[in-house]
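Novice: The following block contains the structure, expressed as structure tokens.
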Number of protein chains: 6
Amino acid sequence: MFELGVVKRCITRADRLAADGLGRFGASTVHEAMGRVGLMKPYMRPIYGGARISGTAVTVLLQPGDNWMMHVVAEQIREGDIVVAAVTADCTDGYFGDLLATSFMARGARGLVIDGGCRDVKDLTEMGFPVWSKAISSKGTIKSTLGSVNIPVVCAGMWVTPGDVIVADDDGVVVVPAAMALATAEAAARREANEGEKRARLASGVLGLDMYNMREPLAKAGLKYID
Amino acid sequence: MFELGVVKRCITRADRLAADGLGRFGASTVHEAMGRVGLMKPYMRPIYGGARISGTAVTVLLQPGDNWMMHVVAEQIREGDIVVAAVTADCTDGYFGDLLATSFMARGARGLVIDGGCRDVKDLTEMGFPVWSKAISSKGTIKSTLGSVNIPVVCAGMWVTPGDVIVADDDGVVVVPAAMALATAEAAARREANEGEKRARLASGVLGLDMYNMREPLAKAGLKYID
Amino acid sequence: MFELGVVKRCITRADRLAADGLGRFGASTVHEAMGRVGLMKPYMRPIYGGARISGTAVTVLLQPGDNWMMHVVAEQIREGDIVVAAVTADCTDGYFGDLLATSFMARGARGLVIDGGCRDVKDLTEMGFPVWSKAISSKGTIKSTLGSVNIPVVCAGMWVTPGDVIVADDDGVVVVPAAMALATAEAAARREANEGEKRARLASGVLGLDMYNMREPLAKAGLKYID
Amino acid sequence: MFELGVVKRCITRADRLAADGLGRFGASTVHEAMGRVGLMKPYMRPIYGGARISGTAVTVLLQPGDNWMMHVVAEQIREGDIVVAAVTADCTDGYFGDLLATSFMARGARGLVIDGGCRDVKDLTEMGFPVWSKAISSKGTIKSTLGSVNIPVVCAGMWVTPGDVIVADDDGVVVVPAAMALATAEAAARREANEGEKRARLASGVLGLDMYNMREPLAKAGLKYID
Amino acid sequence: MFELGVVKRCITRADRLAADGLGRFGASTVHEAMGRVGLMKPYMRPIYGGARISGTAVTVLLQPGDNWMMHVVAEQIREGDIVVAAVTADCTDGYFGDLLATSFMARGARGLVIDGGCRDVKDLTEMGFPVWSKAISSKGTIKSTLGSVNIPVVCAGMWVTPGDVIVADDDGVVVVPAAMALATAEAAARREANEGEKRARLASGVLGLDMYNMREPLAKAGLKYID
Amino acid sequence: MFELGVVKRCITRADRLAADGLGRFGASTVHEAMGRVGLMKPYMRPIYGGARISGTAVTVLLQPGDNWMMHVVAEQIREGDIVVAAVTADCTDGYFGDLLATSFMARGARGLVIDGGCRDVKDLTEMGFPVWSKAISSKGTIKSTLGSVNIPVVCAGMWVTPGDVIVADDDGVVVVPAAMALATAEAAARREANEGEKRARLASGVLGLDMYNMREPLAKAGLKYID
């Protein structure tokens, strides 16, 4: 948060298999598997529906209305990364469009998570480059003031350290610390393992009240049924 | 609003034919047919476009960040119902996902209207279970504090009594009191009856100014044309 | 902003070729070509994705909750116009629906930009009549108080003079003063001319850092690379 | 919510002593005493600090941008009432100013709670007429469309029946159903009774952890202390 | 809105007596006297209560996060002016503090109206330099990109031409075009003239219903009284 | 962000003299002295005006609608601390009131910074216990789910490590990392040293344009003066 004008080239990325594998579970399951933490604020929305990605975070801290550092972060992208962009003040300007997306894709980025605005939505949709942002805006930016690359940042209320795993889909964006990636993947897998059976039982008309044995604790808490 | 820990099992649902029939008119026409009342706040948005439903309300009052009562309300759902969920404080957490939707569908629910958050948007879209919510969020909830089921609630600024008719589509969500369902259906039908003719005239270039005889009242109100 | 009860019939529309041609560039490019000005606030969103239009503005100033003037402006529409609707106070009511759209289309309008609410979203989508609005709402309006037609208005934070060019797409809405239309079209064309080459170079892996010669100014500004 | 154009003259006001007495406890204590319900949304703010009132509700349902009914409700005010004003759609216009306040005071009103805007803040402050509103705005209103007086309304997310007790102070606005007024006053009194002792103990340095015996349940829930 | 990098030195200020005199009526009365127009959005709030000013506008268009032009506009201030600052994009940064206020006061400015953030609130309050802003924020700004001085701007949704009269108090900010200043002052004076009598009658218990002869139009509109 | 159910007892507080001394400069100056970083979002507002404090952070992570951990953090407070409370999801409930304030004061706390709601505003004002919060709300909370104490948290968009220095006043809340406290105090002192002279020159009518030698860079950037 506090170093400006710095680009860190060497970061420790989370385990590749865990980073790639977490995407299959989606943001909601991963968030639960972590113990209900790690979620960015729900104002972060995908520019188009249906995308689900995971990858390792490279971070960039931008100044309001200034996208200079977007070009600096491009060089630090490796195959399988997701760029996470924070801004030092609230700003909805359109920091990112189709040219930068072309560059990011060429470097191997899987998507962008930006606590600011995005533009060229139609082009990005056609290119299949997913972006989660807080706004869509044509508003242009300048290239004047330094921010930083690959320092820890706060993006949409969540702390992101370079190398963390990002999982993003229609439900939102979750951050998994690199050190927790493997354990989280296992917890998510366990969580999903018995969901199929649960789903089948609920589909057959069994109530969650019975399947989860809730009737007794509800009664104990004082729930009364009246006619 | 004021009873916590209560589940009302017997509610008087609106006339089934009226409840089912109102859906064909859509939220905007039904709202007009009621005399321009009954509309929930416009922050209530469908999680996917194109759905249009009507049905009878079963209500649930949730505590912030707690979806325990969602399992309790499931048991009270009958074929043709729509669940209306209010929360005792503003909260965008994801109270509802694909497992609950599976259960609600098995019980005959046609959709959910929730003054809070929803998750598993991709799954719900594939299942074709429509939800109108104020947010989309992965944020998990707990099961700790009692709310109530089938008491009158305020949802997105509108009073909902169990058994009322809910009409929801891309335009928003409207509540029709059970006692007004038949009259509203008739008024909506009358309203639509001559819309076809109006549409044809407007499409042919006739102006609303002439079709609705507005020129005289506008002049009387002082409207001046200048070049 | 200040004359109520006035309809101006004679307005000077921007050059037709320039007005039509600007649409091809889209809102973001046109905004940049003007020197990064002219953009309405980003809360203006299309009711459906994918539309891109340009045309000449006819303006209407509405009173909150009152759409009387919408019928008055319809008569002033000519082929190739876009209606720009401002409101004298913040209001999300649904001022516009499928009947008015039928009338506007019959008069030759290409779309509507409204700093208020819109309804009948499903019908408008099927009709292919694009609307950019600040809200979607069934809330009905009355016909009681005069506003004005074809006076300059402030819509979503931007000044619009009747006859100005409007460019709108998924990225937002831009206003080009009539007198700047031709020059802006030329600037936009110049801007796009070398974008293809840039895109190809970025796609091949060349960095913006090198393509735009940013390394030296970044170093001069004090950017430090660390490991 | 659903009857327009109606003025109910006879309403059953809550017990006068209970209504008057609840003010002494303030909004937060009364809200707790009711079981943590009854609170309007926190966007309702006093136009000046320090006022604390309670009284019986007379209600008015306004149309957006129209304050005609404010004059109608004035006639229904009795000594000790608080006017509660709802609007059929979100609107921040200034429905209320010093002339209406003069009239309301003359009729015996103790204050106004309005889910809309208020103006003449300086005059109202000097007159000592407290208002809780969602906005302060000079925006003028018209007198054109009927609403209703003394029907149940939803104000700032809370259901208010004419005759209910309203308690308002710097913390917010609470609604106590008339039938619960006495019991709530008693519960609030019990709640306050031992607060003095608690405050003294906390002031002496005793921890809530010990005073409320929280250490064991916290440990049981899994709380771990580390160095 | 569209010229950047320009400082206009010669502007035509509204009639001095009218500009000074309008302050006495306050924002709400002036807004009504203009025919209910001219009001900035109600998110513009004074940094301290009780101030009421009027004066002639000098305008400045700022870039987001950049207060360079604030120093440029200082030179254009004359005795009796109020600075009106717009920003090319939404931004809450603190563009203005005690040093600039010292300079503005020395030049004769009576206050600042800024569609952005302000800081040093404590100092400005002690200095008695009133500011109406959309935010209070310590966030610092840079001096890097040109805006303009004394061009027409849109500030908080309202069009302001240099030389217009600004009236600001606890109720909000109103803009009176220079050419309307005298007529508006007269209309405001007429409006106030009979307010004293009205106030006295209302204070004595006369109802607005009778004083304004509303009973008949209300009955004609269909208002029904029930018990 | 990621450890729940943990209380860290030993934290390294910033240098006491630096922590105490920073308060004298206020939030805006300290934010500038750090290089324009460290500022919480401007929605954090003091519950009463005029307070200015600095101190060392003890942190607490709360669950939405649950203030159990507030009692746990109380025990970790030492003389000169400021409690910084974050919540795992957006929630405006009233987590803090006069009893907790009594306890915090007895432990030596100088104030509270909470990314949630506060109540008992009147009592807290009389006690002189300052709170910066995002909302004021009577809404009660439960004591059911564990959070953590003295782990790093994100509060109002800013990363806070236990022991950091907090500076808060009418302008907002700034976080100074413990390791930067001394250097920041020195930078702030340097910054203020020549402010007196600047203020005097500006007060005498000297323009910032001249005092800061801005005329040449403005001309170089292309600024044009016209009449």
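Residue names in the structure tokens use chain letters A, B, ... in the order shown, residue numbers from 1 in each chain, and ligand numbers from 1 in the order shown.
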Need to verify the contact set: stretch 100-114 of chain F, 9 Å, only C-alpha atoms, exclusion of same-chain residues closer than 5 positions in sequence. Can you return it as a ChimeraX atom specification?
Specialist: /D:199-208 /F:44,46,53-55,70-71,74-87,95,124,127,129-134,155-156,166,168,173
Novice: Leaving out stretch 212-217 of chain B and any residue of its chain fewer than 3 positions from it, which residues lie within 10 Å of it when counting only C-alpha atoms, given as number ranges by chain?
Specialist: B: 198, 207-209, 220-223; C: 68, 71-72, 143-144
Novice: Using N, CA and C atoms, can you export the residues from the last selection as a compact mmCIF listing (two decimals), in the first residue's frame?
Specialist:
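Written file, selection-v8.txt:
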# COMPACT_ATOMS: atom_id res chain seq x y z
N LYS B 198 -53.63 0.86 -30.52
CA LYS B 198 -52.79 2.04 -30.30
C LYS B 198 -51.42 1.85 -30.94
N LEU B 207 -49.33 10.58 -34.05
CA LEU B 207 -48.64 11.03 -32.84
C LEU B 207 -49.52 10.80 -31.60
N GLY B 208 -48.86 10.52 -30.49
CA GLY B 208 -49.59 10.45 -29.23
C GLY B 208 -50.30 11.77 -28.93
N LEU B 209 -49.68 12.86 -29.34
CA LEU B 209 -50.30 14.18 -29.16
C LEU B 209 -51.72 14.21 -29.71
N LYS B 220 -53.34 24.80 -22.97
CA LYS B 220 -53.95 25.40 -21.79
C LYS B 220 -52.91 25.53 -20.65
N ALA B 221 -52.02 24.56 -20.56
CA ALA B 221 -50.98 24.61 -19.53
C ALA B 221 -49.90 25.64 -19.88
N GLY B 222 -49.97 26.16 -21.12
CA GLY B 222 -49.06 27.24 -21.47
C GLY B 222 -47.93 26.88 -22.41
N LEU B 223 -47.97 25.70 -22.99
CA LEU B 223 -46.88 25.29 -23.88
C LEU B 223 -46.82 26.20 -25.11
N TRP C 68 -45.17 13.67 -19.79
CA TRP C 68 -46.01 14.37 -20.77
C TRP C 68 -45.19 14.83 -21.98
N HIS C 71 -44.38 12.86 -25.33
CA HIS C 71 -45.28 12.90 -26.49
C HIS C 71 -45.04 14.15 -27.32
N VAL C 72 -44.64 15.21 -26.64
CA VAL C 72 -44.37 16.46 -27.37
C VAL C 72 -43.10 16.34 -28.19
N LYS C 143 -49.05 12.87 -16.45
CA LYS C 143 -48.94 13.86 -17.52
C LYS C 143 -49.57 15.13 -16.98
N SER C 144 -48.76 15.93 -16.26
CA SER C 144 -49.35 17.03 -15.52
C SER C 144 -48.60 18.35 -15.63
Novice: Please extract the residues of stretch 6-80 of chain A with a backbone DSSP assignment of strand (DSSP E) and present them as a ChimeraX atom specification.
Specialist: /A:6-8,45-46,53-62
Novice: To one decimal place, how far is atom CA of B:Ala219 from atom CA of D:Gly65 in Å?
Specialist: 22.7 Å
Novice: From the list E:Met34, E:Val121, E:Leu39, E:Ala14, which residue is nearest chain F when using only C-alpha atoms?
Specialist: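 Comparing E:Met34, E:Val121, E:Leu39, E:Ala14 against chain F, the winner is E:Val121.
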Novice: Would you kindly report the residues of chain E within 8 Å of chain A, using only C-alpha atoms, as a ChimeraX atom specification?
Specialist: /E:64-65,89-93,139,144
Novice: For B:Asp115, which residue among B:Ala181, B:Leu62, B:Ala188, B:Leu146 is the nearest when counting only C-alpha atoms?
Specialist: B:Leu62
